$ cat upload.cif   # mmCIF, C-alpha atoms, pLDDT in the B column; chains and numbers go by the auth columns
data_start
loop_
_atom_site.group_PDB
_atom_site.id
_atom_site.type_symbol
_atom_site.label_atom_id
_atom_site.label_comp_id
_atom_site.label_asym_id
_atom_site.label_seq_id
_atom_site.Cartn_x
_atom_site.Cartn_y
_atom_site.Cartn_z
_atom_site.B_iso_or_equiv
_atom_site.auth_seq_id
_atom_site.auth_asym_id
ATOM 1 C CA MET A 1 -11.244 -27.083 33.144 60.00 1 A
ATOM 2 C CA TYR A 2 -10.232 -27.627 29.496 66.00 2 A
ATOM 3 C CA PHE A 3 -11.288 -24.255 28.088 65.00 3 A
ATOM 4 C CA ASN A 4 -10.143 -22.433 31.224 68.00 4 A
ATOM 5 C CA LYS A 5 -6.595 -22.905 29.946 70.00 5 A
ATOM 6 C CA PHE A 6 -7.295 -21.162 26.641 71.00 6 A
ATOM 7 C CA PRO A 7 -6.424 -17.493 26.207 69.00 7 A
ATOM 8 C CA LYS A 8 -9.141 -14.859 26.076 79.00 8 A
ATOM 9 C CA LEU A 9 -9.476 -12.246 23.375 76.00 9 A
ATOM 10 C CA LEU A 10 -11.628 -9.243 22.617 83.00 10 A
ATOM 11 C CA TYR A 11 -14.103 -9.941 19.836 85.00 11 A
ATOM 12 C CA ASP A 12 -16.785 -7.815 18.221 85.00 12 A
ATOM 13 C CA ILE A 13 -19.468 -10.464 17.699 83.00 13 A
ATOM 14 C CA LYS A 14 -22.037 -8.191 16.011 87.00 14 A
ATOM 15 C CA ASN A 15 -19.488 -5.938 14.293 88.00 15 A
ATOM 16 C CA ASP A 16 -21.028 -2.949 16.059 92.00 16 A
ATOM 17 C CA GLY A 17 -17.993 -1.683 17.978 89.00 17 A
ATOM 18 C CA ASN A 18 -18.949 -3.473 21.220 90.00 18 A
ATOM 19 C CA TYR A 19 -16.183 -5.902 22.129 88.00 19 A
ATOM 20 C CA ASN A 20 -16.641 -8.856 24.452 87.00 20 A
ATOM 21 C CA LEU A 21 -14.024 -10.972 26.182 82.00 21 A
ATOM 22 C CA VAL A 22 -14.333 -14.496 24.735 83.00 22 A
ATOM 23 C CA THR A 23 -12.386 -17.736 24.948 74.00 23 A
ATOM 24 C CA ASP A 24 -10.234 -18.427 21.893 71.00 24 A
ATOM 25 C CA ILE A 25 -11.776 -21.808 21.060 67.00 25 A
ATOM 26 C CA PHE A 26 -9.918 -21.969 17.759 68.00 26 A
ATOM 27 C CA ARG A 27 -6.685 -22.897 19.492 67.00 27 A
ATOM 28 C CA ARG A 28 -5.897 -26.495 18.622 67.00 28 A
ATOM 29 C CA ILE A 29 -3.372 -28.742 20.251 68.00 29 A
ATOM 30 C CA LYS A 30 -2.660 -32.127 18.716 65.00 30 A
ATOM 31 C CA VAL A 31 -0.728 -34.934 20.346 66.00 31 A
ATOM 32 C CA ARG A 32 2.412 -35.521 18.302 63.00 32 A
ATOM 33 C CA SER A 33 2.528 -38.843 16.488 64.00 33 A
ATOM 34 C CA LYS A 34 5.914 -39.433 18.158 61.00 34 A
ATOM 35 C CA ILE A 35 4.124 -39.497 21.498 62.00 35 A
ATOM 36 C CA LYS A 36 1.209 -41.599 20.251 59.00 36 A
ATOM 37 C CA ASP A 37 3.647 -44.105 18.715 63.00 37 A
ATOM 38 C CA ASN A 38 5.623 -44.470 21.967 65.00 38 A
ATOM 39 C CA ILE A 39 3.758 -47.336 23.633 62.00 39 A
ATOM 40 C CA SER A 40 5.580 -46.825 26.931 66.00 40 A
ATOM 41 C CA LEU A 41 3.647 -43.552 27.431 82.00 41 A
ATOM 42 C CA TYR A 42 0.162 -45.001 27.237 85.00 42 A
ATOM 43 C CA ASP A 43 -1.985 -48.019 27.970 89.00 43 A
ATOM 44 C CA LYS A 44 -4.591 -49.548 25.718 89.00 44 A
ATOM 45 C CA TYR A 45 -8.091 -49.402 27.119 95.00 45 A
ATOM 46 C CA ASP A 46 -11.376 -50.938 25.977 94.00 46 A
ATOM 47 C CA VAL A 47 -14.252 -48.546 26.594 96.00 47 A
ATOM 48 C CA GLY A 48 -17.040 -50.363 28.414 95.00 48 A
ATOM 49 C CA GLU A 49 -20.770 -50.114 27.788 95.00 49 A
ATOM 50 C CA GLY A 50 -22.029 -46.674 28.789 92.00 50 A
ATOM 51 C CA GLU A 51 -18.604 -45.270 29.691 96.00 51 A
ATOM 52 C CA SER A 52 -17.908 -41.643 28.811 96.00 52 A
ATOM 53 C CA PRO A 53 -14.582 -39.788 28.546 96.00 53 A
ATOM 54 C CA GLU A 54 -15.330 -38.447 32.042 96.00 54 A
ATOM 55 C CA THR A 55 -15.847 -41.963 33.420 97.00 55 A
ATOM 56 C CA VAL A 56 -12.587 -43.176 31.881 97.00 56 A
ATOM 57 C CA ALA A 57 -10.731 -40.103 33.185 97.00 57 A
ATOM 58 C CA PHE A 58 -12.028 -40.757 36.687 98.00 58 A
ATOM 59 C CA LYS A 59 -11.009 -44.432 36.531 97.00 59 A
ATOM 60 C CA MET A 60 -7.541 -43.666 35.218 96.00 60 A
ATOM 61 C CA TYR A 61 -6.680 -40.308 36.809 97.00 61 A
ATOM 62 C CA GLY A 62 -9.115 -40.027 39.727 97.00 62 A
ATOM 63 C CA ASP A 63 -10.688 -36.860 38.304 96.00 63 A
ATOM 64 C CA THR A 64 -13.404 -36.391 35.663 96.00 64 A
ATOM 65 C CA ASN A 65 -11.879 -33.034 34.708 92.00 65 A
ATOM 66 C CA TYR A 66 -9.151 -34.880 32.791 95.00 66 A
ATOM 67 C CA PHE A 67 -11.674 -36.023 30.151 94.00 67 A
ATOM 68 C CA TRP A 68 -9.871 -33.710 27.725 92.00 68 A
ATOM 69 C CA VAL A 69 -6.680 -35.781 28.035 93.00 69 A
ATOM 70 C CA VAL A 70 -8.636 -38.905 27.067 95.00 70 A
ATOM 71 C CA CYS A 71 -10.128 -37.028 24.105 92.00 71 A
ATOM 72 C CA LEU A 72 -6.831 -35.490 22.943 89.00 72 A
ATOM 73 C CA MET A 73 -4.954 -38.792 23.122 90.00 73 A
ATOM 74 C CA ASN A 74 -7.579 -40.344 20.826 92.00 74 A
ATOM 75 C CA ASN A 75 -8.341 -37.396 18.540 89.00 75 A
ATOM 76 C CA ILE A 76 -11.941 -37.277 19.742 92.00 76 A
ATOM 77 C CA VAL A 77 -13.531 -34.067 18.543 87.00 77 A
ATOM 78 C CA ASN A 78 -17.202 -35.062 18.426 89.00 78 A
ATOM 79 C CA ARG A 79 -18.582 -37.043 21.359 85.00 79 A
ATOM 80 C CA PHE A 80 -21.360 -38.596 19.274 82.00 80 A
ATOM 81 C CA TYR A 81 -19.415 -39.693 16.209 87.00 81 A
ATOM 82 C CA ASP A 82 -15.910 -40.289 17.617 95.00 82 A
ATOM 83 C CA TRP A 83 -16.798 -42.063 20.881 97.00 83 A
ATOM 84 C CA PRO A 84 -18.453 -45.523 21.024 96.00 84 A
ATOM 85 C CA LEU A 85 -22.219 -45.465 21.419 96.00 85 A
ATOM 86 C CA ASP A 86 -24.024 -47.417 24.129 94.00 86 A
ATOM 87 C CA GLU A 87 -26.075 -50.347 22.808 95.00 87 A
ATOM 88 C CA TYR A 88 -29.471 -48.624 22.867 95.00 88 A
ATOM 89 C CA VAL A 89 -28.214 -45.531 21.025 95.00 89 A
ATOM 90 C CA PHE A 90 -26.287 -47.760 18.609 96.00 90 A
ATOM 91 C CA GLN A 91 -29.433 -49.718 17.711 97.00 91 A
ATOM 92 C CA GLN A 92 -31.336 -46.449 17.174 97.00 92 A
ATOM 93 C CA TYR A 93 -28.483 -45.040 15.066 96.00 93 A
ATOM 94 C CA VAL A 94 -28.405 -48.125 12.811 97.00 94 A
ATOM 95 C CA ALA A 95 -32.212 -48.182 12.480 97.00 95 A
ATOM 96 C CA ASP A 96 -32.195 -44.500 11.478 97.00 96 A
ATOM 97 C CA LYS A 97 -29.306 -44.867 9.036 97.00 97 A
ATOM 98 C CA TYR A 98 -30.421 -48.033 7.205 97.00 98 A
ATOM 99 C CA SER A 99 -33.857 -49.071 5.973 97.00 99 A
ATOM 100 C CA ASN A 100 -32.658 -52.676 6.340 97.00 100 A
ATOM 101 C CA PRO A 101 -29.986 -53.073 9.052 97.00 101 A
ATOM 102 C CA GLU A 102 -29.554 -56.754 8.102 97.00 102 A
ATOM 103 C CA GLY A 103 -29.079 -55.840 4.428 97.00 103 A
ATOM 104 C CA ILE A 104 -25.711 -56.320 2.734 97.00 104 A
ATOM 105 C CA HIS A 105 -23.276 -53.463 3.222 97.00 105 A
ATOM 106 C CA HIS A 106 -20.403 -54.962 1.236 95.00 106 A
ATOM 107 C CA TYR A 107 -18.572 -58.189 0.412 96.00 107 A
ATOM 108 C CA GLU A 108 -15.084 -59.139 1.534 95.00 108 A
ATOM 109 C CA ILE A 109 -12.420 -61.834 1.367 93.00 109 A
ATOM 110 C CA THR A 110 -9.285 -62.550 3.350 90.00 110 A
ATOM 111 C CA GLN A 111 -6.313 -61.184 1.433 85.00 111 A
ATOM 112 C CA SER A 112 -4.154 -63.819 -0.231 83.00 112 A
ATOM 113 C CA SER A 113 -0.788 -62.270 0.638 81.00 113 A
ATOM 114 C CA GLY A 114 0.494 -60.397 3.636 76.00 114 A
ATOM 115 C CA LYS A 115 -1.455 -60.364 6.857 78.00 115 A
ATOM 116 C CA GLN A 116 -4.145 -63.068 6.782 74.00 116 A
ATOM 117 C CA THR A 117 -5.509 -62.998 10.334 79.00 117 A
ATOM 118 C CA GLY A 118 -6.660 -60.244 12.629 76.00 118 A
ATOM 119 C CA ASP A 119 -4.898 -59.134 15.804 74.00 119 A
ATOM 120 C CA GLY A 120 -7.912 -59.751 17.986 70.00 120 A
ATOM 121 C CA PRO A 121 -11.638 -60.122 17.564 69.00 121 A
ATOM 122 C CA SER A 122 -12.217 -56.612 16.234 72.00 122 A
ATOM 123 C CA ASP A 123 -9.313 -56.400 13.758 78.00 123 A
ATOM 124 C CA TYR A 124 -10.403 -56.721 10.138 83.00 124 A
ATOM 125 C CA THR A 125 -7.303 -55.242 8.494 82.00 125 A
ATOM 126 C CA HIS A 126 -6.641 -58.582 6.808 85.00 126 A
ATOM 127 C CA LYS A 127 -9.931 -58.341 4.885 88.00 127 A
ATOM 128 C CA LEU A 128 -10.379 -56.796 1.455 90.00 128 A
ATOM 129 C CA GLU A 129 -13.601 -55.312 0.144 92.00 129 A
ATOM 130 C CA VAL A 130 -14.553 -56.992 -3.147 92.00 130 A
ATOM 131 C CA ASN A 131 -17.425 -57.356 -5.608 95.00 131 A
ATOM 132 C CA SER A 132 -20.184 -59.843 -4.855 93.00 132 A
ATOM 133 C CA ASP A 133 -19.093 -62.173 -7.696 93.00 133 A
ATOM 134 C CA THR A 134 -15.515 -62.567 -6.396 93.00 134 A
ATOM 135 C CA PRO A 135 -14.872 -66.237 -5.518 93.00 135 A
ATOM 136 C CA GLY A 136 -15.114 -66.784 -1.755 91.00 136 A
ATOM 137 C CA ALA A 137 -16.682 -63.365 -1.114 93.00 137 A
ATOM 138 C CA GLN A 138 -18.616 -63.161 2.127 94.00 138 A
ATOM 139 C CA SER A 139 -21.288 -60.595 2.811 96.00 139 A
ATOM 140 C CA VAL A 140 -21.096 -58.119 5.669 95.00 140 A
ATOM 141 C CA SER A 141 -24.416 -56.705 6.844 97.00 141 A
ATOM 142 C CA ASN A 142 -25.018 -53.049 7.569 97.00 142 A
ATOM 143 C CA ILE A 143 -25.291 -53.674 11.300 97.00 143 A
ATOM 144 C CA GLU A 144 -22.150 -55.819 11.345 96.00 144 A
ATOM 145 C CA TYR A 145 -20.249 -53.091 9.489 96.00 145 A
ATOM 146 C CA GLU A 146 -21.429 -50.425 11.957 96.00 146 A
ATOM 147 C CA ARG A 147 -20.617 -52.685 14.923 95.00 147 A
ATOM 148 C CA ARG A 148 -17.072 -53.085 13.606 94.00 148 A
ATOM 149 C CA LEU A 149 -16.708 -49.306 13.506 94.00 149 A
ATOM 150 C CA GLN A 150 -17.960 -49.117 17.106 95.00 150 A
ATOM 151 C CA ASP A 151 -15.507 -51.842 18.173 92.00 151 A
ATOM 152 C CA GLU A 152 -12.640 -49.824 16.660 91.00 152 A
ATOM 153 C CA LYS A 153 -13.759 -46.783 18.651 94.00 153 A
ATOM 154 C CA ARG A 154 -13.825 -48.854 21.853 94.00 154 A
ATOM 155 C CA GLN A 155 -10.076 -49.443 21.694 92.00 155 A
ATOM 156 C CA ILE A 156 -8.457 -46.235 22.888 94.00 156 A
ATOM 157 C CA HIS A 157 -5.115 -45.067 24.226 91.00 157 A
ATOM 158 C CA ILE A 158 -4.830 -43.771 27.771 94.00 158 A
ATOM 159 C CA LEU A 159 -1.861 -41.665 28.746 93.00 159 A
ATOM 160 C CA ALA A 160 -0.091 -43.449 31.592 93.00 160 A
ATOM 161 C CA PRO A 161 -1.029 -41.676 34.851 94.00 161 A
ATOM 162 C CA SER A 162 2.652 -41.140 35.689 92.00 162 A
ATOM 163 C CA TYR A 163 2.932 -38.795 32.661 90.00 163 A
ATOM 164 C CA LEU A 164 -0.275 -36.845 33.315 93.00 164 A
ATOM 165 C CA LYS A 165 1.284 -33.813 35.043 92.00 165 A
ATOM 166 C CA VAL A 166 4.060 -33.524 32.436 88.00 166 A
ATOM 167 C CA PHE A 167 1.453 -33.730 29.675 86.00 167 A
ATOM 168 C CA GLU A 168 -0.744 -31.125 31.354 88.00 168 A
ATOM 169 C CA ASN A 169 2.191 -28.726 31.830 87.00 169 A
ATOM 170 C CA GLU A 170 3.220 -29.078 28.190 84.00 170 A
ATOM 171 C CA PHE A 171 -0.384 -28.527 27.079 82.00 171 A
ATOM 172 C CA ASN A 172 -0.624 -25.367 29.174 81.00 172 A
ATOM 173 C CA LYS A 173 2.582 -23.993 27.611 82.00 173 A
ATOM 174 C CA LEU A 174 1.395 -24.716 24.085 80.00 174 A
ATOM 175 C CA VAL A 175 -2.150 -23.411 24.420 76.00 175 A
ATOM 176 C CA VAL A 176 -1.040 -20.044 25.826 70.00 176 A
ATOM 177 C CA ARG A 177 1.429 -19.295 23.002 62.00 177 A
#

$ encode --input "upload.cif" --output "structure tokens"
Amino acid sequence: MYFNKFPKLLYDIKNDGNYNLVTDIFRRIKVRSKIKDNISLYDKYDVGEGESPETVAFKMYGDTNYFWVVCLMNNIVNRFYDWPLDEYVFQQYVADKYSNPEGIHHYEITQSSGKQTGDGPSDYTHKLEVNSDTPGAQSVSNIEYERRLQDEKRQIHILAPSYLKVFENEFNKLVVR
């Protein structure tokens, strides 16, 4: 459904004079920050264990074909790196990436001015990365660091279903230009 909306063009893949009709996959549409910053247009959603963009689209819009709206609203380009991993794949990923998953990734402290607490269990914006000899520095393991990244990916924006058709119409106009 997503690429069906993209224009087609003639392209000589082998540079031998034989042209084929191909989908112009280099068309890019980005959700304007004005839209993403308008909280009345979307809901926050926590991606559950094993959920995919298709699963979320079905839950929110009643149709798996709207997975592309979920991806566009959250700037998800790569399903493996931009979407949260299920627990089994996450454990494998960490084991492959680090020789010692429990080893120290970095040290951090709570900043002394400004924001000093997180806005929820997976908000660490009040923490500062520091050297190990900084007074009060606490270690963060490799697996804890990677889990934090996964937790950030779990919190996505979902376009409110009442705006879906307007969004789709605007997308169609932009992609055809």

$ resolve_selection --input "upload.cif" --expression "the PyMOL selection byres ((chain A and resi 148-162) around 8)" --output "list in words"
Leu41, Tyr42, Asp43, Lys44, Tyr45, Asp46, Val47, Gly48, Met60, Tyr61, Val69, Val70, Met73, Asn74, Asp82, Trp83, Pro84, Leu85, Ser122, Asp123, Glu144, Tyr145, Glu146, Arg147, Tyr163, Leu164 and Lys165 of chain A

$ resolve_selection --input "upload.cif" --expression "the PyMOL selection byres ((chain A and resi 136) around 12)" --output "list in words"
Tyr107, Glu108, Ile109, Thr110, Gln111, Ser112, Lys127, Leu128, Glu129, Val130, Asn131, Ser132, Asp133, Thr134, Pro135, Ala137, Gln138 and Ser139 of chain A

$ atom_distance --input "upload.cif" --atom1 "CA of Glu49 (chain A)" --atom2 "CA of Val89 (chain A)"
11.1 Å

$ atom_distance --input "upload.cif" --atom1 "CA of Tyr88 (chain A)" --atom2 "CA of His126 (chain A)"
29.6 Å

$ axis_aligned_box --input "upload.cif" --around "region 109-120 of chain A" --padding-each-side "5 Å" --output "JSON"
{"center_x": -6.0, "center_y": -61.5, "center_z": 8.9, "size_x": 22.9, "size_y": 14.7, "size_z": 28.2}

$ atom_distance --input "upload.cif" --atom1 "CA of Val77 (chain A)" --atom2 "CA of Glu54 (chain A)"
14.3 Å

$ closest_residue --input "upload.cif" --among "A:Asn142, A:Asn78, A:Thr125, A:Asn65" --to "Glu102 (chain A)" --atoms "only C-alpha atoms"
A:Asn142

$ resolve_selection --input "upload.cif" --expression "the PyMOL selection byres ((chain A and resi 103) around 9)" --output "list in words"
Tyr98, Ser99, Asn100, Pro101, Glu102, Ile104, His105, Val140, Ser141, Asn142 and Ile143 of chain A
